[in-house]
>>> print(open('upload.cif').read())   # mmCIF, C-alpha atoms and all ligand atoms
data_entry
#
loop_
_atom_site.label_atom_id
_atom_site.label_comp_id
_atom_site.auth_asym_id
_atom_site.auth_seq_id
_atom_site.Cartn_x
_atom_site.Cartn_y
_atom_site.Cartn_z
CA MET A 1 73.47 5.30 -9.34
CA THR A 2 71.82 4.64 -6.00
CA ARG A 3 68.64 6.68 -5.75
CA THR A 4 67.40 8.28 -2.61
CA VAL A 5 63.81 7.16 -2.03
CA TYR A 6 61.16 8.05 0.55
CA VAL A 7 59.56 5.47 2.85
CA ASN A 8 57.26 6.46 5.72
CA GLY A 9 58.87 9.80 6.55
CA GLN A 10 62.48 8.82 5.84
CA TYR A 11 64.78 9.59 2.91
CA LEU A 12 66.91 6.46 2.36
CA PRO A 13 69.22 4.92 -0.24
CA GLU A 14 67.05 2.59 -2.38
CA THR A 15 69.10 -0.39 -1.15
CA GLU A 16 68.06 0.28 2.45
CA ALA A 17 64.36 0.98 1.87
CA THR A 18 62.05 -1.84 2.95
CA VAL A 19 58.34 -2.62 3.28
CA SER A 20 56.85 -5.49 5.33
CA ILE A 21 55.92 -8.82 3.73
CA PHE A 22 52.51 -8.35 5.42
CA ASP A 23 51.89 -5.03 3.72
CA ARG A 24 48.41 -5.08 2.16
CA GLY A 25 49.82 -3.42 -0.93
CA PHE A 26 52.00 -6.50 -1.47
CA LEU A 27 49.44 -9.17 -0.45
CA MET A 28 46.17 -7.64 -1.71
CA ALA A 29 47.08 -4.84 -4.17
CA ASP A 30 45.39 -2.68 -1.50
CA GLY A 31 46.96 0.61 -2.43
CA VAL A 32 46.81 3.57 -4.75
CA TYR A 33 49.42 5.48 -6.71
CA GLU A 34 50.20 8.55 -8.77
CA VAL A 35 52.82 9.35 -11.38
CA THR A 36 53.85 12.98 -11.88
CA SER A 37 56.21 14.07 -14.64
CA VAL A 38 59.24 16.27 -14.07
CA LEU A 39 60.38 18.66 -16.79
CA ASN A 40 63.24 21.12 -16.24
CA GLY A 41 63.34 19.95 -12.62
CA LYS A 42 59.70 20.98 -12.03
CA LEU A 43 56.49 19.02 -11.44
CA ILE A 44 53.86 18.93 -14.19
CA ASP A 45 50.19 19.36 -13.17
CA PHE A 46 51.00 18.52 -9.55
CA GLY A 47 47.68 19.93 -8.28
CA GLY A 48 45.74 17.49 -10.47
CA HIS A 49 47.69 14.50 -9.19
CA VAL A 50 47.27 15.28 -5.46
CA ALA A 51 43.55 15.94 -6.03
CA ARG A 52 43.10 12.55 -7.73
CA LEU A 53 45.14 10.85 -4.98
CA GLN A 54 42.66 12.23 -2.44
CA ARG A 55 39.76 10.90 -4.52
CA SER A 56 41.32 7.41 -4.84
CA LEU A 57 41.97 7.30 -1.06
CA ASP A 58 38.41 8.48 -0.30
CA GLU A 59 36.91 5.80 -2.56
CA LEU A 60 38.84 3.12 -0.63
CA GLU A 61 38.15 4.70 2.77
CA MET A 62 41.81 5.34 3.47
CA ASP A 63 43.13 8.41 5.27
CA ASN A 64 45.47 10.69 3.40
CA PRO A 65 48.74 10.48 5.36
CA LEU A 66 50.07 13.86 4.15
CA SER A 67 48.67 17.29 3.33
CA ALA A 68 48.92 18.69 -0.22
CA ASP A 69 51.81 20.94 0.91
CA GLU A 70 53.61 17.99 2.50
CA TRP A 71 53.19 15.91 -0.67
CA LEU A 72 54.66 18.77 -2.68
CA ALA A 73 57.60 19.13 -0.26
CA VAL A 74 58.44 15.39 -0.49
CA HIS A 75 58.20 15.43 -4.30
CA ARG A 76 60.47 18.47 -4.51
CA GLU A 77 62.97 17.05 -2.03
CA LEU A 78 63.27 13.78 -3.99
CA VAL A 79 63.66 15.65 -7.30
CA ALA A 80 66.44 17.76 -5.72
CA LEU A 81 68.20 14.87 -3.91
CA ASN A 82 68.29 12.80 -7.12
CA ASN A 83 69.08 15.71 -9.47
CA VAL A 84 66.14 14.85 -11.71
CA THR A 85 65.71 17.34 -14.53
CA GLU A 86 63.48 15.12 -16.68
CA GLY A 87 61.55 12.04 -15.56
CA MET A 88 58.86 11.01 -13.12
CA VAL A 89 58.03 10.86 -9.43
CA TYR A 90 56.11 7.71 -8.47
CA LEU A 91 54.08 7.74 -5.25
CA GLN A 92 52.23 4.88 -3.60
CA VAL A 93 50.06 4.71 -0.48
CA THR A 94 48.93 1.32 0.79
CA ARG A 95 46.67 0.29 3.66
CA GLY A 96 49.82 -0.70 5.52
CA ASN A 97 50.97 -3.68 7.53
CA PRO A 98 48.37 -5.20 9.89
CA GLY A 99 50.94 -7.79 11.05
CA ASP A 100 49.27 -10.78 9.39
CA ARG A 101 47.25 -11.77 6.30
CA ASP A 102 43.49 -11.17 6.47
CA PHE A 103 40.96 -10.23 3.77
CA ALA A 104 39.15 -7.85 6.11
CA TRP A 105 40.89 -4.74 7.33
CA GLY A 106 40.59 -2.96 10.63
CA PRO A 107 41.35 0.47 12.04
CA GLY A 108 44.59 1.69 13.56
CA VAL A 109 47.03 0.51 10.90
CA ALA A 110 49.39 3.19 9.59
CA PRO A 111 49.47 3.47 5.81
CA THR A 112 52.69 2.72 3.94
CA VAL A 113 53.98 5.65 1.92
CA VAL A 114 56.62 5.11 -0.75
CA LEU A 115 57.97 7.57 -3.30
CA PHE A 116 60.81 7.30 -5.78
CA THR A 117 62.07 9.12 -8.84
CA GLN A 118 62.70 7.74 -12.32
CA ALA A 119 65.04 9.84 -14.46
CA LYS A 120 64.12 9.70 -18.14
CA ALA A 121 65.80 11.90 -20.71
CA GLY A 122 63.83 12.71 -23.86
CA LEU A 123 60.42 12.75 -22.23
CA ALA A 124 59.42 16.09 -23.76
CA ASP A 125 61.50 15.74 -26.90
CA ASN A 126 60.37 12.15 -27.43
CA PRO A 127 61.27 10.78 -30.90
CA GLN A 128 58.21 8.48 -30.70
CA ALA A 129 55.97 11.56 -31.07
CA LYS A 130 57.30 11.92 -34.65
CA ILE A 131 56.63 8.25 -35.48
CA GLY A 132 53.49 7.49 -33.49
CA LEU A 133 52.38 4.31 -31.76
CA ARG A 134 51.07 1.08 -33.26
CA VAL A 135 48.44 -0.53 -31.06
CA ILE A 136 46.28 -3.66 -30.93
CA SER A 137 42.86 -4.02 -29.30
CA ILE A 138 42.35 -6.53 -26.50
CA PRO A 139 39.32 -7.29 -24.32
CA ASP A 140 39.01 -5.19 -21.18
CA ILE A 141 38.71 -7.74 -18.40
CA ARG A 142 39.74 -5.42 -15.55
CA TRP A 143 37.55 -4.83 -12.49
CA GLY A 144 34.65 -2.36 -12.40
CA ARG A 145 36.34 0.54 -10.55
CA ARG A 146 38.94 1.62 -13.07
CA ASP A 147 38.41 5.21 -11.94
CA ILE A 148 40.37 4.41 -8.76
CA LYS A 149 44.10 4.50 -9.45
CA THR A 150 45.00 1.26 -7.64
CA VAL A 151 48.25 -0.69 -7.88
CA GLN A 152 46.26 -3.63 -9.31
CA LEU A 153 48.18 -3.47 -12.61
CA LEU A 154 48.48 -7.13 -13.60
CA TYR A 155 46.13 -7.02 -16.59
CA PRO A 156 47.56 -3.73 -17.94
CA SER A 157 51.01 -5.37 -17.66
CA MET A 158 49.71 -8.45 -19.50
CA GLY A 159 48.27 -6.11 -22.13
CA LYS A 160 51.67 -4.49 -22.67
CA MET A 161 53.19 -7.98 -23.05
CA MET A 162 50.48 -8.99 -25.59
CA ALA A 163 51.36 -5.85 -27.55
CA LYS A 164 55.05 -6.66 -27.34
CA LYS A 165 54.46 -10.22 -28.56
CA ALA A 166 52.38 -8.84 -31.45
CA GLY A 167 55.33 -6.59 -32.37
CA VAL A 168 53.50 -3.32 -31.61
CA ASP A 169 53.81 -0.57 -29.00
CA ASP A 170 50.70 -0.80 -26.84
CA ALA A 171 47.14 -2.09 -26.51
CA TRP A 172 43.72 -0.44 -26.33
CA PHE A 173 41.12 -2.16 -24.16
CA THR A 174 37.66 -2.80 -25.60
CA GLU A 175 34.38 -3.63 -23.88
CA ASP A 176 31.02 -4.31 -25.56
CA GLY A 177 32.61 -3.35 -28.87
CA HIS A 178 33.87 0.03 -27.66
CA VAL A 179 37.32 1.28 -26.75
CA THR A 180 37.66 2.02 -23.03
CA GLU A 181 41.27 3.28 -22.77
CA GLY A 182 44.90 2.26 -23.31
CA THR A 183 46.80 0.00 -20.91
CA SER A 184 48.21 3.09 -19.15
CA ASN A 185 46.67 6.03 -20.99
CA ASN A 186 43.41 7.55 -22.24
CA ALA A 187 42.38 7.05 -25.89
CA TYR A 188 41.11 9.59 -28.46
CA ILE A 189 40.18 9.73 -32.12
CA VAL A 190 39.94 12.79 -34.37
CA LYS A 191 37.37 13.39 -37.10
CA GLY A 192 37.70 16.75 -38.86
CA ASN A 193 37.67 19.39 -36.13
CA LYS A 194 36.26 16.95 -33.56
CA ILE A 195 38.20 15.23 -30.79
CA ILE A 196 36.28 12.18 -29.59
CA THR A 197 36.98 10.39 -26.30
CA ARG A 198 35.07 8.16 -23.89
CA PRO A 199 33.18 10.06 -21.17
CA LEU A 200 34.28 9.80 -17.54
CA SER A 201 32.73 6.92 -15.57
CA SER A 202 34.01 4.00 -13.50
CA ASP A 203 35.00 2.35 -16.83
CA ILE A 204 38.18 4.40 -17.19
CA LEU A 205 40.78 6.28 -15.19
CA HIS A 206 40.00 9.98 -14.98
CA GLY A 207 43.27 11.06 -16.56
CA ILE A 208 44.84 14.24 -15.26
CA THR A 209 46.39 14.79 -18.68
CA ARG A 210 42.97 14.14 -20.28
CA ALA A 211 41.39 16.96 -18.26
CA ALA A 212 44.13 19.43 -19.23
CA VAL A 213 44.20 18.41 -22.90
CA LEU A 214 40.41 18.70 -23.26
CA ARG A 215 40.53 22.15 -21.64
CA PHE A 216 43.30 23.32 -24.00
CA ALA A 217 41.56 21.73 -27.01
CA LYS A 218 38.37 23.70 -26.27
CA GLU A 219 40.39 26.90 -25.98
CA ALA A 220 41.99 26.08 -29.34
CA GLN A 221 38.46 25.85 -30.88
CA PHE A 222 38.35 22.09 -31.31
CA GLU A 223 34.98 20.48 -30.80
CA ILE A 224 34.98 17.89 -27.99
CA GLU A 225 32.69 14.88 -28.19
CA GLU A 226 32.72 12.72 -25.06
CA ARG A 227 31.15 9.50 -26.27
CA LEU A 228 31.91 5.85 -26.92
CA PHE A 229 33.68 4.82 -30.13
CA THR A 230 34.44 1.45 -31.72
CA VAL A 231 37.66 -0.04 -33.10
CA GLU A 232 36.22 0.27 -36.61
CA GLU A 233 35.44 3.95 -36.10
CA ALA A 234 38.96 4.51 -34.80
CA GLN A 235 40.46 2.71 -37.81
CA ALA A 236 38.45 5.00 -40.10
CA ALA A 237 39.29 8.20 -38.16
CA ASP A 238 41.54 10.98 -39.44
CA GLU A 239 43.84 10.62 -36.45
CA ALA A 240 44.14 8.98 -33.08
CA PHE A 241 46.21 9.69 -29.99
CA ILE A 242 46.66 8.84 -26.32
CA THR A 243 47.37 10.95 -23.25
CA SER A 244 49.11 10.19 -19.96
CA ALA A 245 51.31 11.93 -17.41
CA SER A 246 54.42 10.30 -18.86
CA ALA A 247 53.60 10.26 -22.60
CA PHE A 248 51.75 13.63 -22.61
CA VAL A 249 50.01 13.56 -26.01
CA MET A 250 51.24 10.75 -28.26
CA PRO A 251 49.89 9.97 -31.75
CA VAL A 252 48.54 6.51 -32.60
CA VAL A 253 49.04 5.59 -36.27
CA GLU A 254 47.86 1.97 -36.45
CA LEU A 255 45.14 -0.10 -34.77
CA ASP A 256 44.92 -3.87 -35.29
CA GLY A 257 47.09 -3.63 -38.42
CA ALA A 258 45.00 -0.89 -40.09
CA SER A 259 46.63 2.50 -40.70
CA ILE A 260 44.80 5.45 -39.17
CA GLY A 261 44.52 8.46 -41.48
CA THR A 262 47.74 8.78 -43.47
CA GLY A 263 49.49 6.29 -41.20
CA LYS A 264 51.67 9.15 -39.96
CA PRO A 265 51.19 11.29 -36.81
CA GLY A 266 48.41 13.78 -37.37
CA LYS A 267 48.33 17.56 -37.07
CA VAL A 268 45.82 17.68 -34.21
CA ALA A 269 47.89 15.37 -32.01
CA ALA A 270 51.05 17.36 -32.79
CA ARG A 271 49.31 20.66 -32.02
CA MET A 272 47.81 19.35 -28.75
CA ARG A 273 51.19 17.96 -27.67
CA GLU A 274 52.80 21.33 -28.31
CA ILE A 275 50.10 23.32 -26.50
CA TYR A 276 50.09 20.87 -23.58
CA LEU A 277 53.87 21.02 -23.10
CA ASP A 278 53.92 24.82 -23.49
CA GLU A 279 51.14 25.48 -21.00
CA MET A 280 52.24 22.84 -18.51
CA ASN A 281 55.85 24.01 -18.50
CA LYS A 282 54.58 27.51 -17.70
CA ALA A 283 52.47 26.22 -14.81
CA ALA A 284 55.03 23.69 -13.45
CA VAL A 285 55.92 23.92 -9.75
N1 LIG A 301 49.11 5.72 -16.13
N2 LIG A 301 44.40 5.24 -17.97
C1 LIG A 301 45.15 4.37 -17.30
C2 LIG A 301 44.68 2.95 -17.18
C3 LIG A 301 46.38 4.78 -16.74
O1 LIG A 301 47.13 3.90 -16.06
C4 LIG A 301 46.80 6.12 -16.89
C5 LIG A 301 48.07 6.64 -16.29
C6 LIG A 301 45.97 7.00 -17.63
C7 LIG A 301 46.33 8.46 -17.84
O2 LIG A 301 46.19 9.20 -16.65
P1 LIG A 301 47.10 10.46 -16.37
O3 LIG A 301 46.90 11.37 -17.51
O4 LIG A 301 46.56 11.00 -15.11
O5 LIG A 301 48.53 9.98 -16.27
C8 LIG A 301 44.77 6.53 -18.13
C9 LIG A 301 50.34 6.17 -15.46
C10 LIG A 301 51.10 7.20 -16.24
C11 LIG A 301 51.18 4.95 -15.09
O6 LIG A 301 50.58 4.00 -14.62
O7 LIG A 301 52.41 4.98 -15.24
#
>>> encode(input="upload.cif", output="structure tokens")
Amino acid sequence: MTRTVYVNGQYLPETEATVSIFDRGFLMADGVYEVTSVLNGKLIDFGGHVARLQRSLDELEMDNPLSADEWLAVHRELVALNNVTEGMVYLQVTRGNPGDRDFAWGPGVAPTVVLFTQAKAGLADNPQAKIGLRVISIPDIRWGRRDIKTVQLLYPSMGKMMAKKAGVDDAWFTEDGHVTEGTSNNAYIVKGNKIITRPLSSDILHGITRAAVLRFAKEAQFEIEERLFTVEEAQAADEAFITSASAFVMPVVELDGASIGTGKPGKVAARMREIYLDEMNKAAV
């Protein structure tokens, strides 16, 4: 199926959509992105994603090319044009095409705006949630502004490949002996009634799903501890899980070959996944 995608104000067949070879997104990874899930044809936590987009753009001194209402209209139009009932909308804004290659950037260059949909059945009813993920730990050698959602995704991609080669599902990054986050998700451990996750800083992406899950967890009377934790502590925890816009809440059952808890998905992860999907479906736009 040929998708209809959005490039700089135009809805085009994917085969006709182009971006310049001089685009700074292509040459310098000078761009930011967002991924929003679609369930039942509606956008999940859209407000959170446009707010973080604004923050990423501000941090890189880039103008936001569209208003929040315009972003919503483009997302909805693409979902409708491509008949997406379950899947994702990917959006990317780059510093555009200055007409040549140069490390420095100047004013007056229009940003490049690209959006496309990815249909994915079984996102909500994901069989992996019943099995859980097996992960390995790898050193976090990414740059120091991981709070900005840039398209600089080479090391996370390498991390996924290291996991694949090791015969597991994903990797958790570690720095100074502590877990930072997953290759494309935030990381949590559970001890009794406590949900433990790394505090927000420039060390990790400020997950939109993280914010919602922590809010719902508090409402459900879980204790939240935002602090650093080690691989060893995670291996000895009762449960572990990850969150992201596309995985929602997903249990982690093994870290570096050691089973976590019973080695099966835990109750807290299952409960938080259920609450998250329930609440977010209700609030979808
Ligand atoms: N990844 N940490 C990293 C490094 C991520 O790339 C992501 C999201 C998250 C979770 O953030 P959120 O809950 O806002 O999705 C944490 C997206 C899904 C991706 O790159 O596809």
>>> residues_near_ligand(input="upload.cif", ligand="ligand LIG 301 (chain A)", cutoff="9 Å", atoms="all atoms listed in the file", output="count of residues only")
38
>>> residues_around(input="upload.cif", residues="stretch 60-72 of chain A", least_positions_apart="3", cutoff="8 Å", atoms="all atoms listed in the file", output="list of chain:residue names")
A:Phe46, A:Val50, A:Gln54, A:Ser56, A:Leu57, A:His75, A:Arg76, A:Arg95, A:Pro111, A:Val113
>>> axis_aligned_box(input="upload.cif", around="stretch 85-91 of chain A", padding_each_side="6 Å", output="AutoDock Vina command-line options")
--center_x 59.9 --center_y 12.5 --center_z -11.0 --size_x 23.6 --size_y 21.6 --size_z 23.4
>>> atom_distance(input="upload.cif", atom1="atom CA of A:Leu154", atom2="atom CA of A:Trp105")
22.4 Å
>>> closest_atom_pairs(input="upload.cif", of="stretch 206-246 of chain A", to="stretch 195-202 of chain A", cutoff="6 Å", atoms="all atoms listed in the file", output="JSON lines")
{"residue": "A:Ile224", "atom": "CA", "partner": "A:Ile195", "partner_atom": "CA", "distance": 5.0}
{"residue": "A:Glu225", "atom": "CA", "partner": "A:Ile196", "partner_atom": "CA", "distance": 4.7}
{"residue": "A:Glu226", "atom": "CA", "partner": "A:Pro199", "partner_atom": "CA", "distance": 4.7}
{"residue": "A:Arg227", "atom": "CA", "partner": "A:Arg198", "partner_atom": "CA", "distance": 4.8}
{"residue": "A:Leu228", "atom": "CA", "partner": "A:Arg198", "partner_atom": "CA", "distance": 5.0}
>>> residues_around(input="upload.cif", residues="stretch 86-88 of chain A", least_positions_apart="6", cutoff="7 Å", atoms="all atoms listed in the file", output="list of chain:residue names")
A:Val35, A:Thr36, A:Ser37, A:Val38, A:Leu39, A:Asn40, A:Gly41, A:Thr117, A:Gln118, A:Ala119, A:Lys120, A:Ala121, A:Leu123
>>> residues_around(input="upload.cif", residues="A:Gly192", least_positions_apart="5", cutoff="12 Å", atoms="all atoms listed in the file", output="PDB file with C-alpha atoms, in the coordinates of the input")
ATOM      1  CA  PHE A 222      38.350  22.090 -31.310  1.00  0.00           C
ATOM      2  CA  GLU A 223      34.980  20.480 -30.800  1.00  0.00           C
ATOM      3  CA  ILE A 224      34.980  17.890 -27.990  1.00  0.00           C
ATOM      4  CA  GLU A 225      32.690  14.880 -28.190  1.00  0.00           C
ATOM      5  CA  ALA A 236      38.450   5.000 -40.100  1.00  0.00           C
ATOM      6  CA  ALA A 237      39.290   8.200 -38.160  1.00  0.00           C
ATOM      7  CA  ASP A 238      41.540  10.980 -39.440  1.00  0.00           C
ATOM      8  CA  GLU A 239      43.840  10.620 -36.450  1.00  0.00           C
ATOM      9  CA  ALA A 240      44.140   8.980 -33.080  1.00  0.00           C
ATOM     10  CA  GLY A 261      44.520   8.460 -41.480  1.00  0.00           C
ATOM     11  CA  GLY A 266      48.410  13.780 -37.370  1.00  0.00           C
ATOM     12  CA  LYS A 267      48.330  17.560 -37.070  1.00  0.00           C
ATOM     13  CA  VAL A 268      45.820  17.680 -34.210  1.00  0.00           C
TER      14      VAL A 268
END
>>> atom_distance(input="upload.cif", atom1="atom CA of A:Ser20", atom2="atom CA of A:Thr112")
9.3 Å
>>> atom_distance(input="upload.cif", atom1="atom CA of A:Tyr155", atom2="atom CA of A:Ala29")
12.6 Å
>>> closest_residue(input="upload.cif", among="A:Tyr6, A:Tyr11, A:Ala73, A:Gly96", to="A:Gly31", atoms="only C-alpha atoms")
A:Gly96
>>> residues_around(input="upload.cif", residues="A:Ala166", least_positions_apart="6", cutoff="12 Å", atoms="only C-alpha atoms", output="PyMOL selection string")
chain A and resi 134-138+159-160+255-257
>>> closest_residue(input="upload.cif", among="A:Ser157, A:Asn83, A:Thr4, A:Thr94", to="A:Ala171", atoms="all atoms listed in the file")
A:Ser157
>>> residues_around(input="upload.cif", residues="A:Asp102", least_positions_apart="4", cutoff="12 Å", atoms="all atoms listed in the file", output="PyMOL selection string")
chain A and resi 22-24+27-28+30+97-98+106
>>> closest_residue(input="upload.cif", among="A:Gln10, A:Arg273, A:Thr180, A:Thr174", to="A:Phe216", atoms="only C-alpha atoms")
A:Arg273
>>> closest_residue(input="upload.cif", among="A:Val168, A:Ala129, A:Met161, A:Val179", to="A:Arg271", atoms="only C-alpha atoms")
A:Ala129
>>> build_atoms(input="upload.cif", residues="stretch 31-41 of chain A", atoms="all heavy atoms", output="PDB file, in the coordinates of the input")
ATOM      1  N   GLY A  31      46.240  -0.655  -2.459  1.00  0.00           N
ATOM      2  CA  GLY A  31      46.960   0.610  -2.430  1.00  0.00           C
ATOM      3  C   GLY A  31      46.698   1.411  -3.681  1.00  0.00           C
ATOM      4  O   GLY A  31      46.170   0.887  -4.674  1.00  0.00           O
ATOM      5  N   VAL A  32      47.024   2.678  -3.613  1.00  0.00           N
ATOM      6  CA  VAL A  32      46.810   3.570  -4.750  1.00  0.00           C
ATOM      7  C   VAL A  32      48.120   4.273  -5.093  1.00  0.00           C
ATOM      8  O   VAL A  32      49.055   4.267  -4.291  1.00  0.00           O
ATOM      9  CB  VAL A  32      45.696   4.606  -4.445  1.00  0.00           C
ATOM     10  CG1 VAL A  32      44.382   3.915  -4.163  1.00  0.00           C
ATOM     11  CG2 VAL A  32      46.084   5.520  -3.282  1.00  0.00           C
ATOM     12  N   TYR A  33      48.175   4.844  -6.288  1.00  0.00           N
ATOM     13  CA  TYR A  33      49.420   5.480  -6.710  1.00  0.00           C
ATOM     14  C   TYR A  33      49.165   6.675  -7.607  1.00  0.00           C
ATOM     15  O   TYR A  33      48.033   6.884  -8.071  1.00  0.00           O
ATOM     16  CB  TYR A  33      50.346   4.461  -7.393  1.00  0.00           C
ATOM     17  CG  TYR A  33      49.970   4.102  -8.826  1.00  0.00           C
ATOM     18  CD1 TYR A  33      50.724   4.564  -9.899  1.00  0.00           C
ATOM     19  CD2 TYR A  33      48.860   3.323  -9.103  1.00  0.00           C
ATOM     20  CE1 TYR A  33      50.393   4.245 -11.210  1.00  0.00           C
ATOM     21  CE2 TYR A  33      48.525   2.997 -10.420  1.00  0.00           C
ATOM     22  CZ  TYR A  33      49.294   3.459 -11.465  1.00  0.00           C
ATOM     23  OH  TYR A  33      48.951   3.142 -12.753  1.00  0.00           O
ATOM     24  N   GLU A  34      50.217   7.436  -7.827  1.00  0.00           N
ATOM     25  CA  GLU A  34      50.200   8.550  -8.770  1.00  0.00           C
ATOM     26  C   GLU A  34      51.556   8.615  -9.452  1.00  0.00           C
ATOM     27  O   GLU A  34      52.570   8.206  -8.869  1.00  0.00           O
ATOM     28  CB  GLU A  34      49.931   9.895  -8.059  1.00  0.00           C
ATOM     29  CG  GLU A  34      48.486  10.144  -7.679  1.00  0.00           C
ATOM     30  CD  GLU A  34      47.550  10.286  -8.876  1.00  0.00           C
ATOM     31  OE1 GLU A  34      47.978  10.740  -9.946  1.00  0.00           O
ATOM     32  OE2 GLU A  34      46.366   9.913  -8.727  1.00  0.00           O
ATOM     33  N   VAL A  35      51.571   9.116 -10.660  1.00  0.00           N
ATOM     34  CA  VAL A  35      52.820   9.350 -11.380  1.00  0.00           C
ATOM     35  C   VAL A  35      52.788  10.790 -11.872  1.00  0.00           C
ATOM     36  O   VAL A  35      51.855  11.175 -12.576  1.00  0.00           O
ATOM     37  CB  VAL A  35      52.956   8.397 -12.603  1.00  0.00           C
ATOM     38  CG1 VAL A  35      54.212   8.722 -13.409  1.00  0.00           C
ATOM     39  CG2 VAL A  35      52.956   6.944 -12.166  1.00  0.00           C
ATOM     40  N   THR A  36      53.779  11.577 -11.463  1.00  0.00           N
ATOM     41  CA  THR A  36      53.850  12.980 -11.880  1.00  0.00           C
ATOM     42  C   THR A  36      55.137  13.179 -12.686  1.00  0.00           C
ATOM     43  O   THR A  36      56.209  12.756 -12.252  1.00  0.00           O
ATOM     44  CB  THR A  36      53.857  13.915 -10.652  1.00  0.00           C
ATOM     45  OG1 THR A  36      52.707  13.632  -9.855  1.00  0.00           O
ATOM     46  CG2 THR A  36      53.827  15.378 -11.067  1.00  0.00           C
ATOM     47  N   SER A  37      55.016  13.827 -13.818  1.00  0.00           N
ATOM     48  CA  SER A  37      56.210  14.070 -14.640  1.00  0.00           C
ATOM     49  C   SER A  37      57.022  15.238 -14.115  1.00  0.00           C
ATOM     50  O   SER A  37      56.480  16.159 -13.508  1.00  0.00           O
ATOM     51  CB  SER A  37      55.802  14.370 -16.082  1.00  0.00           C
ATOM     52  OG  SER A  37      55.692  13.169 -16.773  1.00  0.00           O
ATOM     53  N   VAL A  38      58.318  15.181 -14.404  1.00  0.00           N
ATOM     54  CA  VAL A  38      59.240  16.270 -14.070  1.00  0.00           C
ATOM     55  C   VAL A  38      59.862  16.759 -15.371  1.00  0.00           C
ATOM     56  O   VAL A  38      60.419  15.970 -16.133  1.00  0.00           O
ATOM     57  CB  VAL A  38      60.368  15.760 -13.130  1.00  0.00           C
ATOM     58  CG1 VAL A  38      61.371  16.869 -12.831  1.00  0.00           C
ATOM     59  CG2 VAL A  38      59.785  15.183 -11.850  1.00  0.00           C
ATOM     60  N   LEU A  39      59.712  18.049 -15.635  1.00  0.00           N
ATOM     61  CA  LEU A  39      60.380  18.660 -16.790  1.00  0.00           C
ATOM     62  C   LEU A  39      61.151  19.866 -16.277  1.00  0.00           C
ATOM     63  O   LEU A  39      60.620  20.636 -15.464  1.00  0.00           O
ATOM     64  CB  LEU A  39      59.360  19.103 -17.853  1.00  0.00           C
ATOM     65  CG  LEU A  39      58.570  17.993 -18.581  1.00  0.00           C
ATOM     66  CD1 LEU A  39      57.576  18.606 -19.551  1.00  0.00           C
ATOM     67  CD2 LEU A  39      59.505  17.033 -19.312  1.00  0.00           C
ATOM     68  N   ASN A  40      62.368  20.031 -16.718  1.00  0.00           N
ATOM     69  CA  ASN A  40      63.240  21.120 -16.240  1.00  0.00           C
ATOM     70  C   ASN A  40      63.270  21.178 -14.709  1.00  0.00           C
ATOM     71  O   ASN A  40      63.289  22.263 -14.124  1.00  0.00           O
ATOM     72  CB  ASN A  40      62.772  22.477 -16.792  1.00  0.00           C
ATOM     73  CG  ASN A  40      62.686  22.450 -18.308  1.00  0.00           C
ATOM     74  OD1 ASN A  40      63.634  22.036 -18.966  1.00  0.00           O
ATOM     75  ND2 ASN A  40      61.543  22.853 -18.862  1.00  0.00           N
ATOM     76  N   GLY A  41      63.250  20.015 -14.082  1.00  0.00           N
ATOM     77  CA  GLY A  41      63.340  19.950 -12.620  1.00  0.00           C
ATOM     78  C   GLY A  41      62.060  20.346 -11.893  1.00  0.00           C
ATOM     79  O   GLY A  41      62.044  20.455 -10.672  1.00  0.00           O
TER      80      GLY A  41
END
